[in-house]
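*Asks:* Structure below; questions to follow.
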Amino acid sequence: MKPDPLPDRLRPERAVLAVIDIQERFRDLIYHMHEVLENTGRLIRFVRALDIPVLVTEHYPKGLGATAPEIAALWDDFSPIQKLSFSCCGCDAFNAALEETGRDQIILCGIETHVCVYQTAADLLRMGRQVAVAADAVSSCSKKNRKLGLRAMTALGAQNLGAQMIMFELLERADDPRFRAVKDLLRE
């Protein structure tokens with residue numbers, strides 16, 4: 001049996017970052033939430049410096065509250081997509097925003113790894129999109145559920161990468177003129 005081909009290299013002109021449900025109500029419930037917040041913030045600042053679109057979702061904000069303030073503060077005009085489905089792809093507004101970007105490589109971060117992130121990855125893969133999960137920017141209510149979610153997404157064909165790996169892959173070269181603008185983020 002012939003092995004599956006490697007996924008395409010992540011490219012700034014093809015990529016979009018989806019930040020899934022990093023809401024304040026989850027702060028004390030999520031395993032290593034500080035790491036999720038730090039690496040997500042780093043990814044957001046990095047991709048915005050490269051003009052890569054960012055889509056942010058909030059799951060049932062009426063009951064679960066708004067996006068964590070340190071994430072929301074990264075925009076002047078912060079406008080998250082509200083959803084009720086666990087998968088972002090079950091939300092028409094998310095699908096329309098994704099289509100509007102014209103991008104086919106989706107980088108995922110957020111919570112919970114084994115629920116909303118996993119279901120979104122599975123649906124995106126079914127749609128023929130390339131999915132990269134920022135493994136150090138996702139988590140769940142427990143370490144075990146985080147690991148199960150990452151393992152399941154990898155088995156489906158999603159790339160399991162770290163935030164720094166994603167940033168270096170998108171940048172590709174040290175002589176890229178944008179390197180100076182993002183070099184400090186690469187070292188964080």
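In the structure tokens, the first chain shown is A, the next is B, and so on; residue numbers restart at 1 for each chain, and ligands run from 1 in the order shown.
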Could you name the residues that touch A:Glu70 at 9 Å or less, counting only C-alpha atoms, but leaving out those on the same chain fewer than 3 positions away, as a list of chain:residue names?
*Replies:* A:Leu37, A:Gly41, A:Thr67, A:Ala73, A:Leu74
*Asks:* Could the residues in this selection be written to a file with N, CA and C atoms, as a PDB file, in the first residue's frame?
*Replies:*
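The resulting file, result.pdb, is shown below:
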```
ATOM      1  N   LEU A  37      -3.229  30.337  26.109  1.00  0.00           N
ATOM      2  CA  LEU A  37      -3.338  31.791  25.931  1.00  0.00           C
ATOM      3  C   LEU A  37      -2.043  32.386  25.386  1.00  0.00           C
ATOM      4  N   GLY A  41      -1.895  33.826  21.570  1.00  0.00           N
ATOM      5  CA  GLY A  41      -1.585  35.247  21.387  1.00  0.00           C
ATOM      6  C   GLY A  41      -0.385  35.451  20.482  1.00  0.00           C
ATOM      7  N   THR A  67     -14.774  35.953  24.824  1.00  0.00           N
ATOM      8  CA  THR A  67     -13.377  35.565  24.609  1.00  0.00           C
ATOM      9  C   THR A  67     -12.507  36.144  25.726  1.00  0.00           C
ATOM     10  N   ALA A  73      -8.091  41.618  23.211  1.00  0.00           N
ATOM     11  CA  ALA A  73      -7.352  42.884  23.195  1.00  0.00           C
ATOM     12  C   ALA A  73      -6.378  43.006  22.029  1.00  0.00           C
ATOM     13  N   LEU A  74      -6.158  41.936  21.294  1.00  0.00           N
ATOM     14  CA  LEU A  74      -5.226  41.972  20.168  1.00  0.00           C
ATOM     15  C   LEU A  74      -5.819  42.637  18.925  1.00  0.00           C
TER      16      LEU A  74
END
```
*Asks:* What lies within 9 Å of stretch 173-185 of chain A using only C-alpha atoms, ignoring chain neighbours under 2 positions off, as a PyMOL selection string?
*Replies:* chain A and resi 42-43+45-46+49-50+164+167-171+187-188
*Asks:* Measuring between only C-alpha atoms, which one of A:Ala163, A:Leu148, A:Leu55, A:Ala134 shows the shortest distance to A:Ala72?
*Replies:*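 Between A:Ala163, A:Leu148, A:Leu55, A:Ala134, the residue approaching A:Ala72 most closely is A:Leu55.
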*Asks:* Closest to A:Tyr31 among A:Met127, A:Leu17, A:Ala121, A:Ile111, using only C-alpha atoms?
*Replies:* A:Ile111
*Asks:* Mind pulling up the distance from atom CA of A:Ala137 to atom CA of A:Glu35?
*Replies:*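 That distance, rounded to one decimal, is 6.6 Å.
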*Asks:* Compile a residue-level contact table for stretch 122-164 of chain A against stretch 84-104 of chain A at a cut-off of 7 Å, reporting for every qualifying residue the shortest atom pair and its distance in Å to one decimal, with only C-alpha atoms counted, rows ordered by chain and ascending number, as JSON lines.
*Replies:*
```
{"residue": "A:Asp123", "atom": "CA", "partner": "A:Cys89", "partner_atom": "CA", "distance": 6.4}
{"residue": "A:Arg129", "atom": "CA", "partner": "A:Asp104", "partner_atom": "CA", "distance": 5.2}
{"residue": "A:Gln130", "atom": "CA", "partner": "A:Asp104", "partner_atom": "CA", "distance": 6.3}
```
*Asks:* Pick out each residue of stretch 135-167 of chain A that DSSP on the backbone tags as strand (DSSP E or B); I need them as an MDAnalysis selection string.
*Replies:* chainID A and resid 135:139 159:161
*Asks:* Emit the selected residues as an mmCIF file, in the first residue's frame, including N, CA and C atoms.
*Replies:*
```cif
data_model
loop_
_atom_site.group_PDB
_atom_site.id
_atom_site.type_symbol
_atom_site.label_atom_id
_atom_site.label_comp_id
_atom_site.auth_asym_id
_atom_site.auth_seq_id
_atom_site.Cartn_x
_atom_site.Cartn_y
_atom_site.Cartn_z
ATOM 1 N N ALA A 135 -0.474 22.302 18.468
ATOM 2 C CA ALA A 135 -0.646 21.408 19.612
ATOM 3 C C ALA A 135 -0.375 22.083 20.953
ATOM 4 N N ASP A 136 0.500 23.076 20.974
ATOM 5 C CA ASP A 136 0.775 23.776 22.229
ATOM 6 C C ASP A 136 -0.136 24.987 22.427
ATOM 7 N N ALA A 137 -1.138 25.123 21.577
ATOM 8 C CA ALA A 137 -2.132 26.195 21.705
ATOM 9 C C ALA A 137 -3.546 25.613 21.714
ATOM 10 N N VAL A 138 -3.656 24.338 22.077
ATOM 11 C CA VAL A 138 -4.956 23.695 22.274
ATOM 12 C C VAL A 138 -4.926 22.947 23.608
ATOM 13 N N SER A 139 -6.080 22.808 24.217
ATOM 14 C CA SER A 139 -6.156 21.995 25.415
ATOM 15 C C SER A 139 -7.606 21.644 25.722
ATOM 16 N N GLN A 159 -2.150 17.813 10.658
ATOM 17 C CA GLN A 159 -0.772 17.956 11.101
ATOM 18 C C GLN A 159 -0.776 18.387 12.566
ATOM 19 N N ASN A 160 0.050 17.775 13.366
ATOM 20 C CA ASN A 160 0.169 18.085 14.786
ATOM 21 C C ASN A 160 1.492 18.823 14.961
ATOM 22 N N LEU A 161 1.442 20.150 15.034
ATOM 23 C CA LEU A 161 2.640 20.982 15.062
ATOM 24 C C LEU A 161 2.621 21.913 16.262
#
```
